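Here's the structure we're looking at; comments come further down.
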Amino acid sequence: MLIALATLLSHYKRHPGQLAMLLLGLWVAGALWSGVQAINASARDSYARAEALFTTGLDRLERRDGEPLTREDFLRLRRAGLPVSPLIEGSLDVSDGTELRVIGIDPLTLPGDSAFAAASSQGELTGFLTSPWQTRVAPDTLPALGLSAREAGGAEPRLGGLAEGRLPPLVLSPTLPPDTLVMDIAAAAALLDSGERLSRLVTAPGALERPPEGLVLTRAATLVSPGQLTESFHLNLSAMALLALVVGLFIVQAALGLALEQRLGMLRTLRALGVSGRGLVGLLALELLLLGVAGAVAGIISGVWLARMLLPDVAATLGSLYGAEVAVTLNLPWHYWLGGLGVTLGGLLLAGSGVLWRAARLSVLGLGQAQAWRTGFYRQLRGMGLAGGGVSAVGLILWAWLSRQPAGEGLLPGFGLIAALLLASALLLPPLIALVLAGLGRLVRHRPLAQWALADLQLQLPRLALAMMALLIALSANLGVSSMVGGFRLTFLDWLDQRLMADYYLRPAPEQFDEVQTWLAERPEVGELLPTRHAEATLLGIVSSEGSRSPQLPVGLYGITPGESLMPNWPLLATQAGRDAAWQAFAAGEAAFVNEQLAIDQRLEPGNRLTLTSPSGQETLTVAAVYPDYGNTRGEVLLATPQLAQRFAATPSSIGIVLAANVDEAALRDALRQRFELGSDALVDQREVKRVSVEIFERTFTITRALSALTLAVAALALLASLLAQARERRRQLAPLWALGVPRARLVTVQLVQLAGMALGVGVLAVPLGSLLALGLVAVINVAAFGWRLPLHVFPGDIALTLATAGAVALLAAALPATRLWRTPPRALLAEEGDT
């Protein structure tokens, strides 16, 4: 059996290109899959550490007037018997530009099961509470402090730019999130120079039924876990990586099928020498295992490198979209390595199972006939057509089921629907190509060379089918994702233009808010003021045509000022009696707007009545309209600012300043800052807000674009692998045509036209498939993942680029074999024909 195995492996010594394509397919597919899983594993570790932090899962208390809490507030509440604990938070910049989050706690009053509260029984609090205190820090924060893990124990690093920049001695705590320093509240107050001020008071969830007088209570239920928010993002990454893995395995299956076909004579000889069919299949499986381990190990190593390259952009994405802090260094658990190896080997076994099955089914005599493989392939076409129909039926069932589900649910079934769409299209593609080639062959009966070219494509179809399936999936996925991202970008920019109507946005201190607003209203440079406020409430009840229900859902309240600048441009998705009537009711305080997230989650429609908690008890509002609120992760109720201040005692937020025509902006800015001693960041230019928002957006989708480009590159490799693997046999088939008088230039042209035409046909099919994929992403996946729906946009430029990419990929893949044919001397062509 060892001799037989060595004989099988000797094939790759004579055909190193096939071995290279096998390993390349495994390597590229494994690298993309392993890289994305490394990113996901590292990010989830960061979420777990962030959720273990003591500020998560606790109720928060803040002053209603916006003034900072003080130590006296804490002592007064503790003396009154309320179980509150103080927190100080701040940030520090180190010399390399990293911003560190500083948290000061009192572990003796901190509620919950935090590691610091539990440490008192272990005698670890003495060093934490007494001078020189301790700084608890995660190991991956040490590089920002200019230290290594070996130097960390007891070190007292200095922070650049601080007068008193010495930290308390460091103690490593792997459970903390990155770039976070935790210390006793006294040490934090001294480091941040906060004096008597506190950032907030926290208490155990539900410990207080109502907030003390003058304070605002924010329930822990409103602090959504970043792990929950980002699960859809990671699911999208995994889906794209799985797509790349499948496309890469197409390379493997195409190369395996060709290698097995070229070894038919060898297999016949081994069977004739006494190797059983079962033993031969076992040897082929062992060969697959050896190749798979080599390719998987290379893929995992390359995947880790890829993850290191992409992780900073992913961290920026998650920070921009969800406010989730993710470490930019990999922290991989042991099961990641086994998982990457298992997925790659499992995919290889799946890709090679068809080849093994065909090898086991063919008789000894049939093994020596290459045509037997082609005959078997055309039988497979019928099976692929039936399988494609079956998968299409499953997709229709999923679509019918999803259409009956409440909006905002069904994320996994939604991905199942998209997977069924892609799989059914891939399975139906080879039978469709065979039918088209047969039909075209009947149309060109009187053109011998064209008829030969079509018959030759039919002969090549068993080898090109997998590559064309990979190209279809890659092109349609690329078109669908680019359509979604482009539509998101277009919608996002339009939404920014509609929402950011003021020229400047001012955030004064709460105690200055009314005075600043009065002063601005008297300035001739100001055309209109758009003050905003915000508050928190609980949605107690909903009355609709379906009846009444009590969701008990925390929601945000946001106040805007309806005016000449804002009303014509604020987008509304649904109204009860028209846009004008909705704004009239809103401005009069008779009705409210709800954002799309809340409407989808709670199945709200204009005309429904909402009951909300308020400082005076309860308030009832009528829904007049639903508005889009892209990027928000919470349900929100919109009211006119005066109504929100009167009925819900809302905290001042910002003032939008619409300038009059032809005014001196610089003079107004200078007068405003001098009159109220505003900080440099209190007044923000609308153009700067848009610039920062667009910059965040572009960084957000860097990872998506990178994976799309890599997936398309893998599809191009699949086509290139198929053509290079059969290049020598193609020259043998072309030799008789040259001998009959067809010039080599025309033979080269025929080859290029064959592949470019087939790839262009695949590109044409990818256009409607990509559009359906984009529809599924925005109408199913986006709604289930984020709670709001994007409008579907079709970009003619992307469609043209898809068709051009299909043709370019085919021409590039055919160029090298065509060049070899052009450079082959006529004598060599005749010699190759003689060898056959």
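Each chain in the structure tokens gets a letter, A, B and so on, in the order shown; residues start at 1 in every chain, and ligands are counted from 1 in the order they appear.
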Please provide as a ChimeraX atom specification all residues within 8 Å of range 283-292 of chain A, with the sequence filter that same-chain residues fewer than 2 positions apart are discarded (counting only C-alpha atoms).
/A:1,4-5,8-9,22-23,26,279-281,294-296,344-345,348-349,352,356
Which residues are near Leu490 in chain A? Cut-off 12 Å, only C-alpha atoms, ignore same chain within fewer than 6 positions. Put them as a ChimeraX atom specification.
/A:482-484,496-497,694,697,790-795
I need the chosen residues saved as an mmCIF file, in the first residue's frame, with N, CA and C atoms.
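part.cif written:
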data_model
loop_
_atom_site.group_PDB
_atom_site.id
_atom_site.type_symbol
_atom_site.label_atom_id
_atom_site.label_comp_id
_atom_site.auth_asym_id
_atom_site.auth_seq_id
_atom_site.Cartn_x
_atom_site.Cartn_y
_atom_site.Cartn_z
ATOM 1 N N SER A 482 -21.396 45.365 -2.838
ATOM 2 C CA SER A 482 -21.080 46.725 -3.261
ATOM 3 C C SER A 482 -22.344 47.561 -3.429
ATOM 4 N N SER A 483 -23.436 46.933 -3.877
ATOM 5 C CA SER A 483 -24.703 47.652 -3.983
ATOM 6 C C SER A 483 -25.216 48.050 -2.606
ATOM 7 N N MET A 484 -25.099 47.128 -1.637
ATOM 8 C CA MET A 484 -25.546 47.451 -0.281
ATOM 9 C C MET A 484 -24.696 48.566 0.323
ATOM 10 N N LEU A 496 -27.468 62.704 6.280
ATOM 11 C CA LEU A 496 -26.688 63.745 6.952
ATOM 12 C C LEU A 496 -27.093 65.131 6.459
ATOM 13 N N ASP A 497 -27.244 65.266 5.140
ATOM 14 C CA ASP A 497 -27.638 66.561 4.593
ATOM 15 C C ASP A 497 -29.015 66.987 5.093
ATOM 16 N N VAL A 694 -18.287 61.084 7.486
ATOM 17 C CA VAL A 694 -17.914 60.385 6.254
ATOM 18 C C VAL A 694 -16.610 59.613 6.447
ATOM 19 N N PHE A 697 -17.418 56.504 8.231
ATOM 20 C CA PHE A 697 -18.092 55.555 7.342
ATOM 21 C C PHE A 697 -17.086 54.834 6.453
ATOM 22 N N LEU A 790 -32.664 49.689 4.689
ATOM 23 C CA LEU A 790 -32.080 50.610 3.724
ATOM 24 C C LEU A 790 -32.876 50.576 2.424
ATOM 25 N N PRO A 791 -33.016 51.710 1.739
ATOM 26 C CA PRO A 791 -33.605 51.656 0.398
ATOM 27 C C PRO A 791 -32.654 50.948 -0.560
ATOM 28 N N LEU A 792 -33.225 50.225 -1.517
ATOM 29 C CA LEU A 792 -32.412 49.486 -2.480
ATOM 30 C C LEU A 792 -31.957 50.430 -3.590
ATOM 31 N N HIS A 793 -30.644 50.444 -3.821
ATOM 32 C CA HIS A 793 -30.062 51.254 -4.892
ATOM 33 C C HIS A 793 -29.354 50.325 -5.875
ATOM 34 N N VAL A 794 -29.544 50.576 -7.157
ATOM 35 C CA VAL A 794 -28.839 49.841 -8.209
ATOM 36 C C VAL A 794 -27.918 50.824 -8.911
ATOM 37 N N PHE A 795 -26.658 50.466 -9.012
ATOM 38 C CA PHE A 795 -25.655 51.357 -9.584
ATOM 39 C C PHE A 795 -25.208 50.814 -10.933
#
Looking only at the backbone, which of the residues in range 558-707 of chain A does DSSP tag as strand (DSSP E or B), as an NGL selection string?
:A and (558-560 or 574-575 or 592-595 or 609-614 or 617-627 or 636-640 or 651-659 or 683-685)
Find the residues near range 73-83 of chain A: any atom within 9 Å, counting only C-alpha atoms, skip ones fewer than 3 places away on the same chain, and give them as a PyMOL selection string.
chain A and resi 69-70+86+109-111+198+201-204+207-208+212
Could you pull the residues within 9 Å of range 580-583 of chain A, counting only C-alpha atoms, minus those fewer than 6 positions along the same chain, as number ranges by chain?
A: 562, 567, 591-593, 624-625
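The nearest approach to Arg71 in chain A among the residues A:Thr98, A:Ser194, A:Ser91, A:Thr518, with only C-alpha atoms taken into account, belongs to A:Ser194.
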Residue contacts of Arg136 in chain A (10 Å, only C-alpha atoms) excluding same-chain residues fewer than 2 positions away, as a PyMOL selection string:
chain A and resi 103+116+128+133-134+138-139+168-176+180-184
Next, dump the selected residues to file, keeping only N, CA and C atoms, as a PDB file, in the first residue's frame.
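Wrote again-v9.pdb, looks like this:
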ATOM      1  N   ILE A 103     -10.590  54.828  35.348  1.00  0.00           N
ATOM      2  CA  ILE A 103     -11.796  54.610  36.150  1.00  0.00           C
ATOM      3  C   ILE A 103     -11.387  54.492  37.609  1.00  0.00           C
ATOM      4  N   PHE A 116     -13.221  43.206  42.008  1.00  0.00           N
ATOM      5  CA  PHE A 116     -12.685  44.058  43.054  1.00  0.00           C
ATOM      6  C   PHE A 116     -13.498  43.942  44.339  1.00  0.00           C
ATOM      7  N   PHE A 128      -4.655  47.925  47.121  1.00  0.00           N
ATOM      8  CA  PHE A 128      -5.475  48.699  46.191  1.00  0.00           C
ATOM      9  C   PHE A 128      -5.973  49.993  46.835  1.00  0.00           C
ATOM     10  N   TRP A 133      -1.179  52.909  46.402  1.00  0.00           N
ATOM     11  CA  TRP A 133      -2.288  52.379  45.619  1.00  0.00           C
ATOM     12  C   TRP A 133      -1.807  51.432  44.514  1.00  0.00           C
ATOM     13  N   GLN A 134      -2.756  51.025  43.664  1.00  0.00           N
ATOM     14  CA  GLN A 134      -2.443  50.119  42.543  1.00  0.00           C
ATOM     15  C   GLN A 134      -3.218  50.565  41.304  1.00  0.00           C
ATOM     16  N   ALA A 138      -4.914  45.732  31.820  1.00  0.00           N
ATOM     17  CA  ALA A 138      -4.849  44.526  30.994  1.00  0.00           C
ATOM     18  C   ALA A 138      -3.458  44.412  30.364  1.00  0.00           C
ATOM     19  N   PRO A 139      -2.977  43.191  30.126  1.00  0.00           N
ATOM     20  CA  PRO A 139      -1.635  43.034  29.529  1.00  0.00           C
ATOM     21  C   PRO A 139      -1.479  43.721  28.184  1.00  0.00           C
ATOM     22  N   PRO A 168       0.026  54.951  39.820  1.00  0.00           N
ATOM     23  CA  PRO A 168       0.312  53.991  40.882  1.00  0.00           C
ATOM     24  C   PRO A 168       0.895  52.711  40.298  1.00  0.00           C
ATOM     25  N   PRO A 169       1.581  51.907  41.096  1.00  0.00           N
ATOM     26  CA  PRO A 169       2.203  50.675  40.575  1.00  0.00           C
ATOM     27  C   PRO A 169       1.198  49.795  39.850  1.00  0.00           C
ATOM     28  N   LEU A 170       1.667  49.161  38.772  1.00  0.00           N
ATOM     29  CA  LEU A 170       0.791  48.372  37.912  1.00  0.00           C
ATOM     30  C   LEU A 170       0.604  46.963  38.441  1.00  0.00           C
ATOM     31  N   VAL A 171      -0.617  46.468  38.312  1.00  0.00           N
ATOM     32  CA  VAL A 171      -0.952  45.070  38.604  1.00  0.00           C
ATOM     33  C   VAL A 171      -1.755  44.553  37.421  1.00  0.00           C
ATOM     34  N   LEU A 172      -1.315  43.459  36.810  1.00  0.00           N
ATOM     35  CA  LEU A 172      -1.977  42.944  35.615  1.00  0.00           C
ATOM     36  C   LEU A 172      -3.312  42.304  35.967  1.00  0.00           C
ATOM     37  N   SER A 173      -4.315  42.605  35.153  1.00  0.00           N
ATOM     38  CA  SER A 173      -5.651  42.030  35.308  1.00  0.00           C
ATOM     39  C   SER A 173      -6.185  41.687  33.924  1.00  0.00           C
ATOM     40  N   PRO A 174      -6.031  40.423  33.476  1.00  0.00           N
ATOM     41  CA  PRO A 174      -6.415  40.048  32.093  1.00  0.00           C
ATOM     42  C   PRO A 174      -7.891  40.234  31.779  1.00  0.00           C
ATOM     43  N   THR A 175      -8.754  40.369  32.807  1.00  0.00           N
ATOM     44  CA  THR A 175     -10.190  40.497  32.538  1.00  0.00           C
ATOM     45  C   THR A 175     -10.606  41.899  32.142  1.00  0.00           C
ATOM     46  N   LEU A 176      -9.702  42.871  32.241  1.00  0.00           N
ATOM     47  CA  LEU A 176     -10.060  44.242  31.889  1.00  0.00           C
ATOM     48  C   LEU A 176     -10.002  44.447  30.380  1.00  0.00           C
ATOM     49  N   THR A 180      -7.591  50.573  29.397  1.00  0.00           N
ATOM     50  CA  THR A 180      -8.382  50.942  30.572  1.00  0.00           C
ATOM     51  C   THR A 180      -7.513  50.797  31.817  1.00  0.00           C
ATOM     52  N   LEU A 181      -7.501  51.832  32.642  1.00  0.00           N
ATOM     53  CA  LEU A 181      -6.770  51.827  33.905  1.00  0.00           C
ATOM     54  C   LEU A 181      -7.778  51.920  35.041  1.00  0.00           C
ATOM     55  N   VAL A 182      -7.705  51.009  35.997  1.00  0.00           N
ATOM     56  CA  VAL A 182      -8.636  50.996  37.123  1.00  0.00           C
ATOM     57  C   VAL A 182      -7.832  51.190  38.400  1.00  0.00           C
ATOM     58  N   MET A 183      -8.292  52.101  39.233  1.00  0.00           N
ATOM     59  CA  MET A 183      -7.591  52.378  40.493  1.00  0.00           C
ATOM     60  C   MET A 183      -8.600  52.844  41.528  1.00  0.00           C
ATOM     61  N   ASP A 184      -8.133  53.027  42.760  1.00  0.00           N
ATOM     62  CA  ASP A 184      -8.995  53.533  43.817  1.00  0.00           C
ATOM     63  C   ASP A 184      -9.443  54.948  43.469  1.00  0.00           C
TER      64      ASP A 184
END
Nearest to Pro554 in chain A by atom-to-atom distance, counting only C-alpha atoms, from A:Val778, A:Leu683, A:Val637, A:Leu573
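Closest residue, counting only C-alpha atoms: A:Val637.
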Between CA of Gly589 in chain A and CA of Pro642 in chain A, what is the distance in Å, rounded to a tenth?
8.5 Å
Of the listed residues A:Gly439, A:Thr130, A:Leu142, A:Val246, that which approaches Gly346 in chain A most closely, counting only C-alpha atoms:
A:Val246
From A:Val481, A:Leu129, A:Ile397, A:Leu500, residue lying nearest Gly656 in chain A [only C-alpha atoms]
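With only C-alpha atoms as the atom set, the closest residue is A:Leu500.
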Can you work out which one of A:Ser131, A:Thr491, A:Asn40, A:Thr805 has the shortest atom-to-atom distance to Ala756 in chain A, counting only C-alpha atoms?
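Closest residue, counting only C-alpha atoms: A:Thr805.
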Could you write out, as a count of residues only, all the residues of range 648-683 of chain A that DSSP marks as alpha helix (DSSP H)?
13
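Using only C-alpha atoms, the shortest contact distance between Asn608 in chain A and any of A:Tyr558, A:Ser545, A:Ala814, A:Glu596 is found at A:Ser545.
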